[in-house]
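Visitor: Structure in structure tokens, see below.
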Amino acid sequence: MSAPVVPPAGPLNGVTVVDLTRVLAGPFCTLVLADLGARVIKVERPGVGDDARHIGPFLPNGLSGYFASLNRGKESISIDLEDRADRQRFDDFLASADVLVENFKPGAMDRLGYSWEVIHARHPRLVYAGLSGFGRTGPLARQPAYDMVAQAMGGVMSITGPPGGPPTRVGSSIGDIAAGLYAAVGVISALHHRDESGEGMLVDVAMLDCQVALLENAIARFEISGQVPTPIGSRHPSITPFGAFEARDDLLVIAAGNNALFAKLSEAVGRPDLPSNSMFSDNASRTEHETELRAELERSLRTRDVAHWLGILQEAGIPCSPIHDVADVLAHPQVLARNMVVTIDGDDAEGLRVAGNPVKLSAFPDPMTRGPVPRLER
């Protein structure tokens, strides 16, 4: 087993998670739990480990930066669940654990003799979280899935991209990440229920379900209008002006989400007449005439650079932003002030910068470093 890790101080201190997950959705769930103070013991295949160990980019020593970013602060043990002696070790871990998280292919745990029913009978207080493409019920329950499958089937790709363009995958793996986040919420909720009832429960999270949940406004628009939503670029479908606009040198984002902000925006760009125009007098009219309003605003915005407009708009209290690339994000003073760029503490990935924990808790510190990356047991 890899070296013990002292979890950060957090509300889940004392909770032990046995982590049978790999790649992204499951490891993201257990990463959230680890950042909140849980002890996470990652169970990996002997000699092979998590598939993410073999996905780049790689550090000079061969360690996967992808794996490191998702599994820092966890412990690792190599166990072959088809080996009798290893199964006994695994059962011993479950006997003292609070949570089991797995994202095996559908039916795999059942074939190994570790179905929810079997585990619950042996360990009635254990919370069992299963992440899969389509969940445990329904006609697709046994089908495998990856992030892009979830984004495609869940409708998110159909509303992402430029107007008239092809369906586009969201740049971040939200099919996996959303499932990981919802699973973490489910685990914490199940632990609370166990504290009240003494009983563990099954947490069943499907990637497809989570994508449907993320459709929010698109579902409402379809239900009310009967029109199927399509990609519309960076703008909002129901709030205007709310999108990316051209200045002289680049694009900037402006989000004037109500009449008062629109009036301030109009003044700030030297067009105080716009709110009195019947096409722009309220949000519904502005959304209906988004193209015309965009042309009027950009006529002014194109006269000066983004930096100029950001100063003017911020002074006026109008939500706005430049469009950052990843390098910009990692260097931004607000991001750094919120400790959202932390470093890994440990020999194999010493100093590697990764995302911090966005959940800031008043009762616990938010350390600037995170625990080491577990080595694969040989």
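Each chain of the structure tokens is named A, B, ... in the order shown, its residues numbered from 1; ligands are numbered from 1 in display order.
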Select from stretch 239-362 of chain A everything DSSP, run on the backbone, classes as strand (DSSP E or B), then give the selection as a VMD selection string.
Guide: chain A and resid 242 to 246 251 to 255 320 to 322 341 to 344 353 to 355
Visitor: Just want the 8 Å neighbourhood of A:Leu36, counted on only C-alpha atoms, with same-chain residues fewer than 5 positions away dropped. Output as an NGL selection string.
Guide: :A and (8-13)
Visitor: Generate the output file for the selected residues, N, CA and C atoms, as an mmCIF file, in the first residue's frame.
Guide:
data_model
loop_
_atom_site.group_PDB
_atom_site.id
_atom_site.type_symbol
_atom_site.label_atom_id
_atom_site.label_comp_id
_atom_site.auth_asym_id
_atom_site.auth_seq_id
_atom_site.Cartn_x
_atom_site.Cartn_y
_atom_site.Cartn_z
ATOM 1 N N PRO A 8 -6.558 16.601 4.719
ATOM 2 C CA PRO A 8 -6.658 17.974 5.215
ATOM 3 C C PRO A 8 -7.781 18.085 6.234
ATOM 4 N N ALA A 9 -7.671 19.048 7.132
ATOM 5 C CA ALA A 9 -8.747 19.268 8.094
ATOM 6 C C ALA A 9 -10.015 19.629 7.332
ATOM 7 N N GLY A 10 -11.109 18.939 7.665
ATOM 8 C CA GLY A 10 -12.354 19.194 6.958
ATOM 9 C C GLY A 10 -13.516 18.476 7.604
ATOM 10 N N PRO A 11 -14.729 18.750 7.152
ATOM 11 C CA PRO A 11 -15.921 18.167 7.767
ATOM 12 C C PRO A 11 -16.040 16.661 7.584
ATOM 13 N N LEU A 12 -15.288 16.079 6.633
ATOM 14 C CA LEU A 12 -15.347 14.631 6.432
ATOM 15 C C LEU A 12 -14.189 13.904 7.104
ATOM 16 N N ASN A 13 -13.451 14.587 7.993
ATOM 17 C CA ASN A 13 -12.419 13.887 8.766
ATOM 18 C C ASN A 13 -13.061 12.719 9.510
#
Visitor: Between A:Ser300, A:Asn71, A:Thr230, A:Asn277, single out the one closest to A:Asp50, counting only C-alpha atoms.
Guide: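 Closest residue, counting only C-alpha atoms: A:Asn71.
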Visitor: Identify, with DSSP run on backbone atoms, the residues in stretch 164-206 of chain A assigned to helix (DSSP H, G or I), and express the list as a ChimeraX atom specification.
Guide: /A:174-197
Visitor: For the residues in the current selection, export C-alpha atoms as a PDB file, in the first residue's frame.
Guide:
ATOM      1  CA  ILE A 174     -18.663  17.960 -18.131  1.00  0.00           C
ATOM      2  CA  GLY A 175     -20.187  14.534 -18.804  1.00  0.00           C
ATOM      3  CA  ASP A 176     -17.760  13.046 -16.303  1.00  0.00           C
ATOM      4  CA  ILE A 177     -17.356  16.041 -14.023  1.00  0.00           C
ATOM      5  CA  ALA A 178     -21.075  16.620 -13.497  1.00  0.00           C
ATOM      6  CA  ALA A 179     -21.520  12.961 -12.592  1.00  0.00           C
ATOM      7  CA  GLY A 180     -18.628  13.190 -10.146  1.00  0.00           C
ATOM      8  CA  LEU A 181     -20.068  16.276  -8.481  1.00  0.00           C
ATOM      9  CA  TYR A 182     -23.574  14.849  -8.201  1.00  0.00           C
ATOM     10  CA  ALA A 183     -22.148  11.612  -6.831  1.00  0.00           C
ATOM     11  CA  ALA A 184     -20.234  13.534  -4.150  1.00  0.00           C
ATOM     12  CA  VAL A 185     -23.442  15.320  -3.163  1.00  0.00           C
ATOM     13  CA  GLY A 186     -25.203  11.954  -3.047  1.00  0.00           C
ATOM     14  CA  VAL A 187     -22.497  10.396  -0.867  1.00  0.00           C
ATOM     15  CA  ILE A 188     -22.539  13.258   1.627  1.00  0.00           C
ATOM     16  CA  SER A 189     -26.351  13.127   1.745  1.00  0.00           C
ATOM     17  CA  ALA A 190     -26.270   9.365   2.316  1.00  0.00           C
ATOM     18  CA  LEU A 191     -23.754   9.786   5.147  1.00  0.00           C
ATOM     19  CA  HIS A 192     -26.083  12.299   6.796  1.00  0.00           C
ATOM     20  CA  HIS A 193     -28.970   9.847   6.450  1.00  0.00           C
ATOM     21  CA  ARG A 194     -26.818   7.080   7.939  1.00  0.00           C
ATOM     22  CA  ASP A 195     -26.052   9.261  10.935  1.00  0.00           C
ATOM     23  CA  GLU A 196     -29.790   9.566  11.505  1.00  0.00           C
ATOM     24  CA  SER A 197     -30.882   6.010  10.646  1.00  0.00           C
TER      25      SER A 197
END
Visitor: If you measure from atom CA of A:Arg45 to atom CA of A:Ala121, what distance in Å do you get, rounded to one decimal?
Guide: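 Result for atom CA of A:Arg45 versus atom CA of A:Ala121: 25.6 Å, one decimal.
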Visitor: Neighbouring residues of A:Arg122 were defined as those with any atom within 10 Å, considering only C-alpha atoms; residues of the same chain fewer than 4 positions away were excluded. Please report them as number ranges by chain.
Guide: A: 91, 94-95, 116-118, 126
Visitor: Go ahead and dump the residues you just picked, C-alpha atoms, as a PDB file, in the first residue's frame.
Guide:
ATOM      1  CA  ASP A  91     -13.397  -7.242   2.447  1.00  0.00           C
ATOM      2  CA  LEU A  94     -14.911  -2.567   3.486  1.00  0.00           C
ATOM      3  CA  ALA A  95     -15.493  -3.686   7.065  1.00  0.00           C
ATOM      4  CA  TRP A 116     -25.082  -3.676  -3.801  1.00  0.00           C
ATOM      5  CA  GLU A 117     -27.327  -6.340  -2.269  1.00  0.00           C
ATOM      6  CA  VAL A 118     -24.402  -8.535  -1.209  1.00  0.00           C
ATOM      7  CA  LEU A 126     -21.645   1.253   4.235  1.00  0.00           C
TER       8      LEU A 126
END
Visitor: Select, from A:Val23, A:Met207, A:Ala38, A:Leu63, the residue with the minimum atom-to-atom distance to A:Ala349, counting only C-alpha atoms.
Guide: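 Among the listed residues, the smallest separation from A:Ala349 belongs to A:Leu63.
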Visitor: Which neighbours of A:Glu246 fall inside 12 Å, counting only C-alpha atoms, when residues of the same chain fewer than 5 positions from it are skipped, and could you give them as a PyMOL selection string?
Guide: chain A and resi 251-254+294-306+309+322-323
Visitor: With 6 Å as the cut-off and only C-alpha atoms counted, what is the closest atom pair between each nearby residue of stretch 231-259 of chain A and stretch 155-169 of chain A? Distances in Å to one decimal, ordered by chain and number, as a tab-separated table.
Guide:
residue	atom	partner	partner_atom	distance
A:Pro231	CA	A:Ile159	CA	4.2
A:Ile232	CA	A:Pro163	CA	4.5
A:Gly233	CA	A:Pro162	CA	4.1
Visitor: Keeping only N, CA and C atoms, take the residues you just selected and write them out as a short mmCIF file (atom, residue, chain, number, x, y, z; two decimals), in the first residue's frame.
Guide:
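This went into selection.cif:
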data_model
loop_
_atom_site.label_atom_id
_atom_site.label_comp_id
_atom_site.auth_asym_id
_atom_site.auth_seq_id
_atom_site.Cartn_x
_atom_site.Cartn_y
_atom_site.Cartn_z
N PRO A 231 -27.53 25.55 -31.36
CA PRO A 231 -26.38 26.37 -30.93
C PRO A 231 -26.56 27.84 -31.30
N ILE A 232 -26.21 28.72 -30.36
CA ILE A 232 -26.33 30.16 -30.62
C ILE A 232 -25.05 30.90 -30.22
N GLY A 233 -23.94 30.17 -30.15
CA GLY A 233 -22.68 30.83 -29.83
C GLY A 233 -22.58 31.20 -28.37
#
Visitor: I'd like the neighbourhood of stretch 129-137 of chain A as number ranges by chain, where a residue qualifies if any of its atoms comes within 8 Å (using only C-alpha atoms), though same-chain residues fewer than 4 positions away should be ignored.
Guide: A: 25-26, 99-106, 141-146, 150, 179-180, 183, 186-187, 202-209
Visitor: Go ahead and dump the residues you just picked, C-alpha atoms, as a PDB file, in the first residue's frame.
Guide:
ATOM      1  CA  ALA A  25     -16.018  10.703 -13.171  1.00  0.00           C
ATOM      2  CA  GLY A  26     -15.358   8.495 -10.153  1.00  0.00           C
ATOM      3  CA  VAL A  99     -18.127   4.662   1.670  1.00  0.00           C
ATOM      4  CA  LEU A 100     -17.455   2.554  -1.413  1.00  0.00           C
ATOM      5  CA  VAL A 101     -17.347   4.357  -4.785  1.00  0.00           C
ATOM      6  CA  GLU A 102     -17.113   2.458  -8.076  1.00  0.00           C
ATOM      7  CA  ASN A 103     -17.536   3.176 -11.760  1.00  0.00           C
ATOM      8  CA  PHE A 104     -16.979  -0.239 -13.290  1.00  0.00           C
ATOM      9  CA  LYS A 105     -18.720  -1.289 -16.469  1.00  0.00           C
ATOM     10  CA  PRO A 106     -22.364  -2.140 -15.767  1.00  0.00           C
ATOM     11  CA  ALA A 141     -28.563   0.288 -18.075  1.00  0.00           C
ATOM     12  CA  ARG A 142     -25.962  -2.234 -19.267  1.00  0.00           C
ATOM     13  CA  GLN A 143     -24.386  -0.014 -21.925  1.00  0.00           C
ATOM     14  CA  PRO A 144     -20.965   1.600 -21.382  1.00  0.00           C
ATOM     15  CA  ALA A 145     -20.368   5.321 -21.924  1.00  0.00           C
ATOM     16  CA  TYR A 146     -17.683   7.960 -21.973  1.00  0.00           C
ATOM     17  CA  ALA A 150     -23.054  11.508 -22.337  1.00  0.00           C
ATOM     18  CA  ALA A 179     -21.520  12.961 -12.592  1.00  0.00           C
ATOM     19  CA  GLY A 180     -18.628  13.190 -10.146  1.00  0.00           C
ATOM     20  CA  ALA A 183     -22.148  11.612  -6.831  1.00  0.00           C
ATOM     21  CA  GLY A 186     -25.203  11.954  -3.047  1.00  0.00           C
ATOM     22  CA  VAL A 187     -22.497  10.396  -0.867  1.00  0.00           C
ATOM     23  CA  LEU A 202     -27.105   2.918  -2.620  1.00  0.00           C
ATOM     24  CA  VAL A 203     -26.264   6.131  -4.489  1.00  0.00           C
ATOM     25  CA  ASP A 204     -26.974   5.531  -8.190  1.00  0.00           C
ATOM     26  CA  VAL A 205     -25.629   8.298 -10.463  1.00  0.00           C
ATOM     27  CA  ALA A 206     -25.838   8.197 -14.260  1.00  0.00           C
ATOM     28  CA  MET A 207     -23.829  10.456 -16.557  1.00  0.00           C
ATOM     29  CA  LEU A 208     -26.834  10.817 -18.875  1.00  0.00           C
ATOM     30  CA  ASP A 209     -29.092  11.883 -15.990  1.00  0.00           C
TER      31      ASP A 209
END
Visitor: Find the spatial neighbours of stretch 52-61 of chain A, counting only C-alpha atoms, within a cut-off of 8 Å - ignore same-chain residues fewer than 4 positions away - and output them as an mmCIF file with C-alpha atoms, in the first residue's frame.
Guide:
data_model
loop_
_atom_site.group_PDB
_atom_site.id
_atom_site.type_symbol
_atom_site.label_atom_id
_atom_site.label_comp_id
_atom_site.auth_asym_id
_atom_site.auth_seq_id
_atom_site.Cartn_x
_atom_site.Cartn_y
_atom_site.Cartn_z
ATOM 1 C CA ARG A 22 -10.779 5.124 -12.585
ATOM 2 C CA VAL A 23 -10.240 7.773 -15.261
ATOM 3 C CA LEU A 24 -12.410 10.834 -14.457
ATOM 4 C CA GLY A 65 -0.155 14.960 -14.863
ATOM 5 C CA TYR A 66 -3.755 14.006 -15.660
ATOM 6 C CA PHE A 67 -3.689 11.240 -13.054
ATOM 7 C CA ASP A 348 6.809 12.379 -7.715
ATOM 8 C CA ALA A 349 4.855 15.554 -8.505
#
Visitor: Have a look at atom CA of A:Gly154 and atom CA of A:Thr30 and let me know their distance in Å, one decimal.
Guide: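 Here the two named atoms are 23.7 Å from each other.
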Visitor: Nearest to A:His308: which of A:Val32, A:Ile344, A:Ala263, A:Ala247 is it, counting only C-alpha atoms?
Guide: A:Ala247
Visitor: Which distance in Å separates atom CA of A:Leu330 and atom CA of A:Asn357, to one decimal?
Guide: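 Those two atoms sit 14.2 Å apart.
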Visitor: So which residues touch A:His120 within 8 Å, counting only C-alpha atoms, skipping near sequence neighbours fewer than 5 positions away, as a count of residues only?
Guide: 4
